[in-house]
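Structure file model.cif (mmCIF, C-alpha atoms and all ligand atoms) follows.
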data_model
loop_
_atom_site.label_atom_id
_atom_site.label_comp_id
_atom_site.auth_asym_id
_atom_site.auth_seq_id
_atom_site.Cartn_x
_atom_site.Cartn_y
_atom_site.Cartn_z
CA MET T 1 119.95 71.21 72.77
CA SER T 2 116.20 71.62 72.19
CA SER T 3 115.38 74.35 69.68
CA SER T 4 111.91 74.98 71.08
CA LYS T 5 112.94 76.95 74.13
CA ILE T 6 113.24 80.74 74.49
CA LYS T 7 116.73 81.80 73.36
CA VAL T 8 118.77 83.89 75.77
CA GLY T 9 122.22 85.47 75.84
CA VAL T 10 124.53 86.15 78.79
CA LEU T 11 126.46 89.45 78.85
CA GLY T 12 129.60 89.22 80.99
CA ALA T 13 129.46 85.42 80.80
CA THR T 14 133.06 84.90 81.94
CA GLY T 15 132.69 86.76 85.27
CA ALA T 16 131.56 85.60 88.72
CA VAL T 17 127.87 86.38 88.18
CA GLY T 18 128.00 85.43 84.49
CA GLN T 19 129.17 81.94 85.42
CA ARG T 20 126.26 81.60 87.82
CA PHE T 21 123.90 82.50 84.98
CA VAL T 22 125.48 79.84 82.80
CA GLN T 23 125.22 77.29 85.62
CA MET T 24 121.61 78.14 86.50
CA LEU T 25 120.49 78.16 82.87
CA GLN T 26 121.77 74.64 82.31
CA GLY T 27 118.73 72.42 81.87
CA HIS T 28 116.32 75.32 82.45
CA PRO T 29 112.83 74.28 81.35
CA TRP T 30 112.06 77.52 79.43
CA PHE T 31 115.40 79.07 78.42
CA GLU T 32 118.41 77.95 76.39
CA ILE T 33 121.64 79.87 75.88
CA SER T 34 122.21 80.95 72.28
CA ALA T 35 125.04 83.44 72.90
CA LEU T 36 127.75 84.11 75.46
CA CYS T 37 129.31 87.58 75.46
CA ALA T 38 132.23 89.23 77.23
CA SER T 39 134.70 92.06 76.69
CA GLU T 40 136.67 92.53 73.49
CA ARG T 41 139.59 90.86 75.32
CA SER T 42 137.68 87.57 75.34
CA ALA T 43 135.55 87.86 72.18
CA GLY T 44 136.55 85.31 69.54
CA LYS T 45 137.86 82.82 72.10
CA ARG T 46 136.18 79.55 73.11
CA TYR T 47 134.25 79.88 76.38
CA ALA T 48 136.43 77.18 77.95
CA ASP T 49 139.60 79.10 77.05
CA ALA T 50 138.46 82.57 78.15
CA CYS T 51 136.60 81.66 81.32
CA ASN T 52 138.30 80.72 84.58
CA TRP T 53 135.38 78.54 85.80
CA ASN T 54 135.36 78.67 89.58
CA LEU T 55 132.00 77.15 90.52
CA ARG T 56 131.41 73.73 92.02
CA GLY T 57 130.72 71.27 89.19
CA ASP T 58 131.96 71.42 85.61
CA MET T 59 131.33 74.06 83.01
CA PRO T 60 128.36 72.81 80.91
CA ALA T 61 129.97 70.58 78.26
CA HIS T 62 127.87 71.89 75.34
CA LEU T 63 129.09 75.45 75.99
CA ARG T 64 132.82 74.76 76.19
CA ASP T 65 133.32 75.33 72.45
CA MET T 66 130.89 78.23 72.10
CA VAL T 67 132.79 81.22 70.73
CA LEU T 68 132.41 84.36 72.84
CA LEU T 69 130.88 87.40 71.17
CA GLU T 70 131.36 91.07 71.97
CA CYS T 71 128.45 92.59 73.92
CA GLU T 72 126.65 93.92 70.86
CA PRO T 73 123.10 93.19 69.65
CA GLY T 74 122.67 91.09 66.52
CA PHE T 75 122.49 87.49 67.71
CA ASP T 76 119.39 85.33 67.88
CA ALA T 77 117.87 85.74 71.36
CA GLU T 78 114.80 87.37 72.88
CA LEU T 79 116.28 88.07 76.28
CA VAL T 80 119.73 88.80 77.69
CA PHE T 81 120.99 88.46 81.24
CA SER T 82 123.49 91.16 82.10
CA ALA T 83 126.37 90.56 84.51
CA LEU T 84 128.36 93.54 83.28
CA PRO T 85 130.48 95.77 85.50
CA SER T 86 128.87 99.13 86.22
CA GLU T 87 131.57 100.93 84.20
CA SER T 88 130.24 99.43 80.97
CA ALA T 89 126.64 98.37 81.69
CA THR T 90 124.73 101.59 80.95
CA ALA T 91 125.41 101.98 77.24
CA ILE T 92 125.51 98.26 76.43
CA GLU T 93 122.23 97.45 78.18
CA GLN T 94 120.53 100.40 76.52
CA ARG T 95 121.72 99.27 73.07
CA PHE T 96 120.21 95.83 73.65
CA ALA T 97 116.90 97.26 74.89
CA ALA T 98 116.74 99.62 71.90
CA ALA T 99 117.39 96.67 69.57
CA GLY T 100 114.37 94.80 70.96
CA TYR T 101 115.86 92.49 73.58
CA GLY T 102 114.51 92.15 77.09
CA VAL T 103 117.42 92.90 79.44
CA CYS T 104 117.48 91.42 82.96
CA SER T 105 120.35 93.21 84.67
CA ASN T 106 122.37 92.69 87.83
CA SER T 107 124.27 95.92 87.63
CA ARG T 108 123.25 98.97 89.58
CA ASN T 109 123.25 101.40 86.68
CA HIS T 110 119.51 101.55 85.92
CA ARG T 111 118.14 100.51 89.31
CA TYR T 112 116.99 103.98 90.30
CA ASP T 113 115.67 105.16 86.92
CA ALA T 114 112.03 106.13 87.43
CA ASP T 115 110.84 104.02 84.48
CA VAL T 116 112.91 100.88 85.24
CA PRO T 117 111.47 98.20 87.53
CA LEU T 118 113.67 97.23 90.46
CA LEU T 119 112.13 93.83 90.92
CA ILE T 120 111.83 90.99 93.41
CA PRO T 121 109.03 88.82 91.99
CA GLU T 122 107.62 87.99 95.42
CA VAL T 123 107.66 91.61 96.55
CA ASN T 124 106.60 93.98 93.76
CA PRO T 125 105.50 92.11 90.60
CA GLU T 126 103.10 94.96 89.75
CA HIS T 127 106.10 97.26 89.13
CA LEU T 128 106.48 95.48 85.77
CA GLY T 129 103.71 97.86 84.71
CA LEU T 130 106.55 100.40 84.27
CA LEU T 131 107.72 98.56 81.17
CA GLU T 132 105.07 100.05 78.86
CA ILE T 133 105.98 103.52 80.15
CA GLN T 134 109.70 102.80 79.70
CA LYS T 135 109.24 101.60 76.13
CA GLN T 136 107.09 104.57 75.17
CA ARG T 137 109.30 107.15 76.83
CA ARG T 138 112.55 105.79 75.43
CA GLY T 139 111.23 104.59 72.08
CA TRP T 140 112.54 101.07 72.71
CA SER T 141 111.04 97.83 71.46
CA GLY T 142 112.90 95.97 74.22
CA PHE T 143 113.25 96.88 77.90
CA ILE T 144 115.45 96.81 81.02
CA VAL T 145 114.50 95.25 84.36
CA THR T 146 116.92 95.21 87.29
CA ASN T 147 117.29 93.27 90.52
CA PRO T 148 118.52 94.80 93.77
CA ASN T 149 121.83 94.53 95.53
CA CYS T 150 122.44 91.14 97.19
CA SER T 151 122.04 92.29 100.80
CA THR T 152 118.91 94.36 100.03
CA THR T 153 117.32 91.40 98.23
CA HIS T 154 117.28 89.16 101.29
CA LEU T 155 116.49 91.94 103.78
CA ILE T 156 113.41 93.00 101.81
CA SER T 157 112.38 89.41 101.08
CA ALA T 158 112.20 88.84 104.86
CA LEU T 159 110.52 92.18 105.60
CA HIS T 160 107.89 92.16 102.84
CA PRO T 161 105.51 89.64 104.45
CA LEU T 162 105.68 91.73 107.63
CA HIS T 163 105.36 95.07 105.86
CA VAL T 164 102.11 94.12 104.11
CA ARG T 165 100.51 93.09 107.43
CA PHE T 166 101.97 95.44 110.04
CA GLY T 167 103.74 98.27 108.15
CA VAL T 168 107.51 98.45 108.71
CA SER T 169 108.52 101.95 109.85
CA LYS T 170 112.16 101.64 111.04
CA VAL T 171 114.93 99.15 110.34
CA PHE T 172 118.40 98.83 111.81
CA VAL T 173 120.60 96.27 110.05
CA VAL T 174 124.17 95.06 110.46
CA THR T 175 125.37 92.94 107.54
CA MET T 176 128.06 90.25 107.51
CA GLN T 177 128.71 89.90 103.79
CA ALA T 178 130.55 87.09 102.03
CA VAL T 179 133.69 87.70 100.00
CA SER T 180 132.12 86.37 96.77
CA GLY T 181 129.98 89.52 96.77
CA ALA T 182 133.06 91.42 95.59
CA GLY T 183 133.42 89.28 92.43
CA TYR T 184 136.45 87.15 91.58
CA PRO T 185 139.23 87.33 92.80
CA GLY T 186 137.61 90.03 94.94
CA VAL T 187 139.03 91.00 98.34
CA SER T 188 142.64 89.93 98.79
CA SER T 189 143.20 87.04 101.21
CA MET T 190 145.70 89.19 103.13
CA ASP T 191 142.92 91.71 103.78
CA ILE T 192 140.15 89.33 104.82
CA LEU T 193 141.71 86.31 106.59
CA ASP T 194 141.71 86.74 110.39
CA ASN T 195 139.77 89.94 109.85
CA ILE T 196 136.53 91.82 109.19
CA VAL T 197 136.51 94.80 106.83
CA PRO T 198 133.96 97.30 108.17
CA TYR T 199 133.36 99.06 104.86
CA ILE T 200 131.86 98.12 101.49
CA SER T 201 131.86 100.99 99.03
CA GLY T 202 128.37 102.30 98.26
CA GLU T 203 126.58 99.47 100.07
CA GLU T 204 125.13 101.39 103.01
CA GLU T 205 123.77 104.14 100.77
CA LYS T 206 121.99 101.57 98.58
CA MET T 207 120.41 99.89 101.61
CA GLU T 208 119.50 103.04 103.47
CA GLN T 209 118.31 105.47 100.88
CA LYS T 210 117.33 103.86 97.64
CA GLU T 211 116.46 100.25 97.13
CA PRO T 212 114.11 99.30 100.03
CA GLN T 213 111.92 102.36 99.53
CA LYS T 214 111.54 101.65 95.80
CA LEU T 215 110.98 97.90 96.25
CA LEU T 216 108.26 98.42 98.88
CA GLY T 217 106.82 101.39 96.99
CA THR T 218 103.43 101.50 95.28
CA PHE T 219 103.00 101.57 91.50
CA ASP T 220 100.11 103.95 90.82
CA GLY T 221 99.84 103.27 87.08
CA THR T 222 102.34 105.94 86.07
CA GLN T 223 105.13 105.87 88.65
CA VAL T 224 106.42 104.14 91.78
CA ARG T 225 105.68 106.10 94.95
CA TYR T 226 108.49 105.29 97.37
CA ALA T 227 107.59 103.63 100.68
CA ASP T 228 107.97 105.70 103.82
CA LEU T 229 110.46 103.83 106.01
CA VAL T 230 113.78 104.71 107.62
CA LEU T 231 116.77 102.35 107.56
CA SER T 232 120.19 102.44 109.15
CA ALA T 233 122.76 99.97 107.76
CA HIS T 234 126.25 98.92 108.85
CA CYS T 235 127.82 96.82 106.08
CA ASN T 236 130.80 94.55 106.78
CA ARG T 237 132.84 92.11 104.70
CA VAL T 238 133.56 88.88 106.60
CA PRO T 239 135.70 85.81 105.81
CA VAL T 240 132.82 83.66 104.50
CA ARG T 241 132.80 82.45 100.88
CA ASN T 242 129.07 82.60 100.14
CA GLY T 243 126.00 83.79 102.02
CA HIS T 244 125.24 87.14 103.59
CA LEU T 245 124.05 87.11 107.21
CA GLU T 246 122.17 90.20 108.45
CA ALA T 247 121.23 91.12 112.03
CA VAL T 248 117.98 93.09 111.77
CA SER T 249 115.96 95.15 114.28
CA VAL T 250 112.53 96.36 113.20
CA GLU T 251 109.84 98.74 114.37
CA PHE T 252 106.31 98.53 112.97
CA LYS T 253 103.45 100.96 112.49
CA ASP T 254 101.19 98.41 114.23
CA LYS T 255 103.25 96.31 116.64
CA PRO T 256 102.32 92.64 116.16
CA ALA T 257 102.64 89.80 118.66
CA GLN T 258 105.72 87.63 118.12
CA GLU T 259 103.52 84.71 116.95
CA GLU T 260 101.92 86.95 114.33
CA ILE T 261 105.33 87.55 112.77
CA LEU T 262 105.98 83.82 112.57
CA GLN T 263 102.52 83.37 111.10
CA ALA T 264 103.14 86.08 108.47
CA TRP T 265 106.29 84.28 107.30
CA ALA T 266 104.65 80.84 107.41
CA GLU T 267 101.59 81.96 105.42
CA TYR T 268 103.56 83.93 102.82
CA GLN T 269 102.49 82.71 99.37
CA PRO T 270 103.27 85.53 96.93
CA LEU T 271 102.60 85.53 93.18
CA ALA T 272 105.91 83.93 92.09
CA GLN T 273 105.18 80.93 94.32
CA ARG T 274 101.51 80.71 93.31
CA LEU T 275 102.55 80.77 89.64
CA ARG T 276 105.04 78.00 90.45
CA LEU T 277 107.79 79.73 88.44
CA PRO T 278 110.61 77.23 87.83
CA SER T 279 113.15 79.01 90.04
CA ALA T 280 110.72 80.11 92.78
CA PRO T 281 111.54 78.42 96.09
CA GLN T 282 108.62 76.89 98.00
CA PRO T 283 108.42 78.53 100.50
CA ALA T 284 110.10 81.83 99.74
CA VAL T 285 110.99 82.50 103.39
CA ILE T 286 112.13 79.71 105.71
CA TYR T 287 112.11 80.18 109.49
CA LEU T 288 114.62 78.07 111.43
CA ALA T 289 113.66 77.60 115.07
CA ALA T 290 117.06 76.45 116.41
CA GLN T 291 118.62 79.14 118.58
CA ASP T 292 121.96 79.19 116.70
CA ARG T 293 120.65 79.32 113.11
CA PRO T 294 120.73 80.39 110.33
CA GLN T 295 124.44 80.01 109.60
CA PRO T 296 125.98 80.71 106.17
CA ARG T 297 127.79 77.39 105.71
CA LEU T 298 124.85 75.29 106.89
CA ASP T 299 121.85 77.16 105.55
CA ARG T 300 122.72 79.17 102.42
CA LEU T 301 121.39 76.42 100.14
CA ALA T 302 118.26 75.66 102.18
CA GLY T 303 114.95 75.11 100.44
CA THR T 304 113.52 73.56 97.30
CA VAL T 305 115.66 75.60 94.87
CA PRO T 306 119.17 75.79 96.40
CA GLY T 307 120.28 79.35 97.09
CA MET T 308 116.95 80.97 96.16
CA ALA T 309 115.15 81.13 99.52
CA THR T 310 115.63 83.68 102.29
CA VAL T 311 116.29 82.05 105.67
CA VAL T 312 115.30 83.76 108.92
CA GLY T 313 115.78 82.86 112.57
CA ARG T 314 116.28 84.02 116.17
CA LEU T 315 113.13 86.16 116.29
CA ARG T 316 112.97 87.85 119.68
CA PRO T 317 111.92 91.13 121.33
CA ASP T 318 114.27 94.09 120.90
CA PRO T 319 114.72 96.57 123.78
CA LEU T 320 115.30 99.45 121.35
CA PHE T 321 112.98 98.52 118.46
CA HIS T 322 110.03 96.07 118.51
CA TYR T 323 111.72 92.84 117.35
CA LYS T 324 115.06 91.57 116.14
CA PHE T 325 115.99 88.55 114.03
CA LEU T 326 118.59 87.19 111.61
CA VAL T 327 118.32 87.00 107.83
CA LEU T 328 120.53 84.81 105.63
CA GLY T 329 120.64 84.56 101.86
CA HIS T 330 122.92 83.34 99.12
CA ASN T 331 124.50 86.39 97.52
CA THR T 332 125.55 85.13 94.09
CA ILE T 333 122.48 82.91 93.59
CA ARG T 334 119.33 84.75 94.76
CA GLY T 335 121.33 87.94 95.38
CA ALA T 336 122.55 88.11 91.78
CA ALA T 337 122.06 85.64 88.90
CA GLY T 338 119.14 83.74 90.45
CA GLY T 339 117.32 86.99 91.18
CA SER T 340 117.57 87.99 87.51
CA LEU T 341 116.52 84.54 86.38
CA LEU T 342 113.38 84.61 88.52
CA ASN T 343 112.66 88.11 87.20
CA ALA T 344 112.88 86.74 83.66
CA GLU T 345 110.51 83.90 84.51
CA LEU T 346 107.94 86.35 85.88
CA ILE T 347 108.37 88.57 82.80
CA VAL T 348 107.68 85.62 80.51
CA ALA T 349 104.79 84.25 82.58
CA GLN T 350 103.10 87.66 82.69
CA GLY T 351 103.37 88.11 78.92
CA TYR T 352 105.88 90.99 78.91
CA LEU T 353 108.13 89.14 76.45
CA GLY T 354 105.15 88.67 74.13
CA SER T 355 102.30 86.21 73.95
CA THR T 356 104.30 83.65 71.96
CA ALA T 357 106.96 83.36 74.68
CA ALA T 358 104.26 83.14 77.37
CA ALA T 359 102.43 80.39 75.47
CA LEU T 360 105.73 78.56 74.84
CA ALA T 361 106.56 78.66 78.57
CA ARG T 362 103.10 77.30 79.41
CA SER T 363 103.52 74.48 76.88
CA LEU T 364 106.98 73.60 78.24
CA GLU T 365 105.51 73.46 81.74
CA VAL T 366 102.93 70.95 80.61
CA ALA T 367 105.33 68.86 78.54
P1 LIG U 401 133.36 90.22 87.10
O1 LIG U 401 133.65 88.91 87.72
O2 LIG U 401 134.43 91.25 87.07
O3 LIG U 401 132.89 89.94 85.55
C1 LIG U 401 132.67 90.99 84.62
C2 LIG U 401 132.25 90.43 83.27
O4 LIG U 401 131.98 91.52 82.37
C3 LIG U 401 133.28 89.57 82.55
O5 LIG U 401 132.61 88.61 81.76
C4 LIG U 401 134.02 90.57 81.65
O6 LIG U 401 134.56 89.96 80.50
C5 LIG U 401 132.88 91.45 81.23
N1 LIG U 401 133.32 92.79 80.88
C6 LIG U 401 134.18 93.59 81.58
N2 LIG U 401 134.34 94.77 80.94
C7 LIG U 401 133.58 94.72 79.84
C8 LIG U 401 133.32 95.64 78.77
N3 LIG U 401 133.88 96.86 78.72
N4 LIG U 401 132.49 95.26 77.78
C9 LIG U 401 131.90 94.04 77.80
N5 LIG U 401 132.10 93.12 78.78
C10 LIG U 401 132.92 93.47 79.79
O7 LIG U 401 132.08 90.91 87.79
P2 LIG U 401 130.92 90.22 88.68
O8 LIG U 401 131.33 90.10 90.08
O9 LIG U 401 130.43 89.02 87.94
O10 LIG U 401 129.80 91.36 88.66
C11 LIG U 401 129.03 91.65 87.51
C12 LIG U 401 127.95 92.66 87.84
O11 LIG U 401 127.04 92.09 88.78
C13 LIG U 401 128.49 93.94 88.49
O12 LIG U 401 127.74 95.05 88.02
C14 LIG U 401 128.26 93.70 89.97
O13 LIG U 401 128.13 94.91 90.69
C15 LIG U 401 126.94 92.94 89.94
N6 LIG U 401 126.69 92.10 91.11
C16 LIG U 401 127.63 91.22 91.60
C17 LIG U 401 127.32 90.42 92.71
C18 LIG U 401 128.30 89.42 93.27
O14 LIG U 401 127.90 88.74 94.26
N7 LIG U 401 129.50 89.27 92.70
C19 LIG U 401 126.07 90.52 93.31
C20 LIG U 401 125.14 91.39 92.78
C21 LIG U 401 125.46 92.17 91.68
P3 LIG U 401 136.15 89.56 80.37
O15 LIG U 401 136.32 88.24 81.05
O16 LIG U 401 136.34 89.48 78.90
O17 LIG U 401 136.91 90.66 81.05
#
Output the file's structure as structure tokens, nothing else.
Amino acid sequence: MSSSKIKVGVLGATGAVGQRFVQMLQGHPWFEISALCASERSAGKRYADACNWNLRGDMPAHLRDMVLLECEPGFDAELVFSALPSESATAIEQRFAAAGYGVCSNSRNHRYDADVPLLIPEVNPEHLGLLEIQKQRRGWSGFIVTNPNCSTTHLISALHPLHVRFGVSKVFVVTMQAVSGAGYPGVSSMDILDNIVPYISGEEEKMEQKEPQKLLGTFDGTQVRYADLVLSAHCNRVPVRNGHLEAVSVEFKDKPAQEEILQAWAEYQPLAQRLRLPSAPQPAVIYLAAQDRPQPRLDRLAGTVPGMATVVGRLRPDPLFHYKFLVLGHNTIRGAAGGSLLNAELIVAQGYLGSTAAALARSLEVA
């Protein structure tokens, strides 16, 4: 293990999202894991003994013997990735931020705090300006940055290129969400096989009332002014392992021609892609022209960084709204751990983890 990289910890490392962090951090050009943390039930055990690894491919060999720590500050790292359940995330993440760590969190607990960025690097990188305000207001030397819910992430990734050109005013979305979104072991097989569960607790509220408006909102130097758009969401759990499919109808302030929508997606080159961040897919949004795509099993890993792109297809006129199309995205990669990882890369590249970390990342890029 190189000692020149930026040291990071994973909170909740034994869980579904925590394992994804561990997998995605393996061989990362900028980051190396210096600590794995879990509940007091697992602390003191070897990672290989406490973690029921359920991802394709082996647990990274060099981490098998790493002894799990409790989720308390004190270890050598500049940044921590949090995959903690919402019941415990608030206090633990705040303790880490107060102790000087940068916290990139998957949990919902701080997403709606006025001074906490809810970030998709392609969509609202300027919201990182909230970090100075957060640190001052809370007296922290570290900070918390969050990423949105998995279904919101891909919906807004597809809408953002259209919103900046034509102004999205109304959205109607029906989600078909994979079982891995409920963690492991998640929904019981008796509930989901041969079935669709037409309810996911809290999901519709997040998509309708909170996350899209903040993500597409404007940072005015002191606060984020929420975007003015109306959404209606129907969220369903379907018997798919990974990959959320969303059927979307959209109305715009200025109705574009169908070709202009395709052009907006094709020409989309946001900051994360221009900076060539290590986990940024090129392109960020992929349009599939075949009439029966995207499909979860076939397309969830499409693109240059598997699981990080948003895949769209079946763009056509909508008799109720202006246009309708499908959106597909990997829920535990870009929708969870990968989203946080890309956030961390933007944070480092933009100097929010300090000039030394930014210079180190630049030097590792060149090397
Ligand atoms: P999970 O599989 O239940 O894993 C939870 C992890 O947190 C485990 O490592 C567990 O350690 C640890 N933990 C539990 N209670 C703790 C406590 N009191 N103190 C310290 N550590 C504790 O959960 P998950 O599905 O990975 O989800 C993690 C977070 O990501 C949640 O907030 C979830 O809402 C969010 N999220 C999940 C997805 C998804 O697709 N699954 C997508 C987006 C966001 P032990 O093994 O020791 O119990």
* To do: Compare T:Ser107, T:Ser169, T:Gln26, T:Gln19 by their minimum atom-to-atom distance to ligand LIG 401 (chain U), counting only C-alpha atoms and all ligand atoms, and give me the closest one.
  => T:Ser107
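For the residues T:Ile333, T:Leu320, T:Val168, T:Val174, ranking by smallest atom-to-atom distance to ligand LIG 401 (chain U) using all atoms listed in the file places T:Ile333 first.
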Could you give me, as a tab-separated table, every chain T residue with an atom at most 6 Å from ligand LIG 401 (chain U), plus its closest atom pair and distance in Å to one decimal, counting all atoms listed in the file, rows ordered by chain then number?
residue	atom	partner	partner_atom	distance
T:Gly12	CA	U:LIG401	O5	3.2
T:Ala13	CA	U:LIG401	O5	4.6
T:Thr14	CA	U:LIG401	O5	3.7
T:Gly15	CA	U:LIG401	O3	3.2
T:Ala16	CA	U:LIG401	O9	3.7
T:Val17	CA	U:LIG401	O9	3.7
T:Gly18	CA	U:LIG401	O9	5.5
T:Ala38	CA	U:LIG401	O6	4.1
T:Ser39	CA	U:LIG401	N5	3.5
T:Arg41	CA	U:LIG401	O16	5.0
T:Ser42	CA	U:LIG401	O16	4.3
T:Cys71	CA	U:LIG401	C9	5.4
T:Ala83	CA	U:LIG401	C11	4.2
T:Leu84	CA	U:LIG401	O4	4.2
T:Pro85	CA	U:LIG401	O12	3.8
T:Ser86	CA	U:LIG401	O12	4.6
T:Ser88	CA	U:LIG401	N3	5.0
T:Asn106	CA	U:LIG401	O11	4.8
T:Ser107	CA	U:LIG401	O12	3.6
T:Asn149	CA	U:LIG401	C20	5.3
T:Cys150	CA	U:LIG401	C20	5.2
T:Ser180	CA	U:LIG401	O14	5.5
T:Gly181	CA	U:LIG401	O14	3.4
T:Ala182	CA	U:LIG401	N7	5.1
T:Gly183	CA	U:LIG401	O8	3.3
T:Tyr184	CA	U:LIG401	O1	5.1
T:Asn331	CA	U:LIG401	O14	5.3
T:Thr332	CA	U:LIG401	O14	4.3
T:Gly335	CA	U:LIG401	C20	5.8
T:Ala336	CA	U:LIG401	C20	4.3
* From the list T:Val8, T:Leu346, T:Leu162, T:Ala357, which residue is nearest Arg274 in chain T when using only C-alpha atoms? ->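 Using only C-alpha atoms, the shortest distance to Arg274 in chain T belongs to T:Leu346.
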* **Within-9 Å shell of (116.9, 81.2, 117.0) in input frame, only C-alpha atoms, as JSON, numbers by chain** => {"T": [287, 288, 289, 290, 291, 292, 293, 294, 312, 313, 314, 315, 316, 325, 326]}
* Asked: So which residues fall inside 9 Å of (123.7, 82.3, 109.8) if we count only C-alpha atoms? Mind giving them as a ChimeraX atom specification?
  -> /T:243-246,292-300,311-313,326-329
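Interatomic distance, CA of Gly57 in chain T to CA of Ser157 in chain T: 28.4 Å.
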* From the list T:Thr310, T:Glu122, T:Leu353, T:Ile196, which residue is nearest Gln273 in chain T when using all atoms listed in the file? ->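 Nearest to Gln273 in chain T: T:Glu122.
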* To do: Have a look at CA of Leu131 in chain T and CA of Leu342 in chain T and let me know their distance in Å, one decimal.
  =>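 Interatomic distance, CA of Leu131 in chain T to CA of Leu342 in chain T: 16.8 Å.
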* To do: Calculate how many Å separate CA of Pro281 in chain T from CA of Gly303 in chain T, rounding to one decimal.
  =>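 We find that CA of Pro281 in chain T and CA of Gly303 in chain T lie 6.4 Å from each other.
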* Asked: Which residue gives the smallest distance to Gln350 in chain T among T:Arg237, T:Pro125, T:Glu259, T:Ile120, with all atoms listed in the file counted?
  ->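 That would be T:Pro125, the residue with the smallest distance to Gln350 in chain T.
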* Proximity to Trp30 in chain T - best of T:Gly139, T:Pro278, T:Gly217, T:Gly186, all atoms listed in the file ->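 Among T:Gly139, T:Pro278, T:Gly217, T:Gly186, it is T:Pro278 that comes nearest to Trp30 in chain T.
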* Asked: Phe96 in chain T: which residues within 9 Å, counting only C-alpha atoms, same-chain residues fewer than 5 positions away excluded, as a PyMOL selection string?
  -> chain T and resi 71-74+80+91+101-103+142-144
Can you write just those residues out, C-alpha atoms, as a PDB file, in the frame of the given file?
ATOM      1  CA  CYS T  71     128.450  92.590  73.920  1.00  0.00           C
ATOM      2  CA  GLU T  72     126.650  93.920  70.860  1.00  0.00           C
ATOM      3  CA  PRO T  73     123.100  93.190  69.650  1.00  0.00           C
ATOM      4  CA  GLY T  74     122.670  91.090  66.520  1.00  0.00           C
ATOM      5  CA  VAL T  80     119.730  88.800  77.690  1.00  0.00           C
ATOM      6  CA  ALA T  91     125.410 101.980  77.240  1.00  0.00           C
ATOM      7  CA  TYR T 101     115.860  92.490  73.580  1.00  0.00           C
ATOM      8  CA  GLY T 102     114.510  92.150  77.090  1.00  0.00           C
ATOM      9  CA  VAL T 103     117.420  92.900  79.440  1.00  0.00           C
ATOM     10  CA  GLY T 142     112.900  95.970  74.220  1.00  0.00           C
ATOM     11  CA  PHE T 143     113.250  96.880  77.900  1.00  0.00           C
ATOM     12  CA  ILE T 144     115.450  96.810  81.020  1.00  0.00           C
TER      13      ILE T 144
END
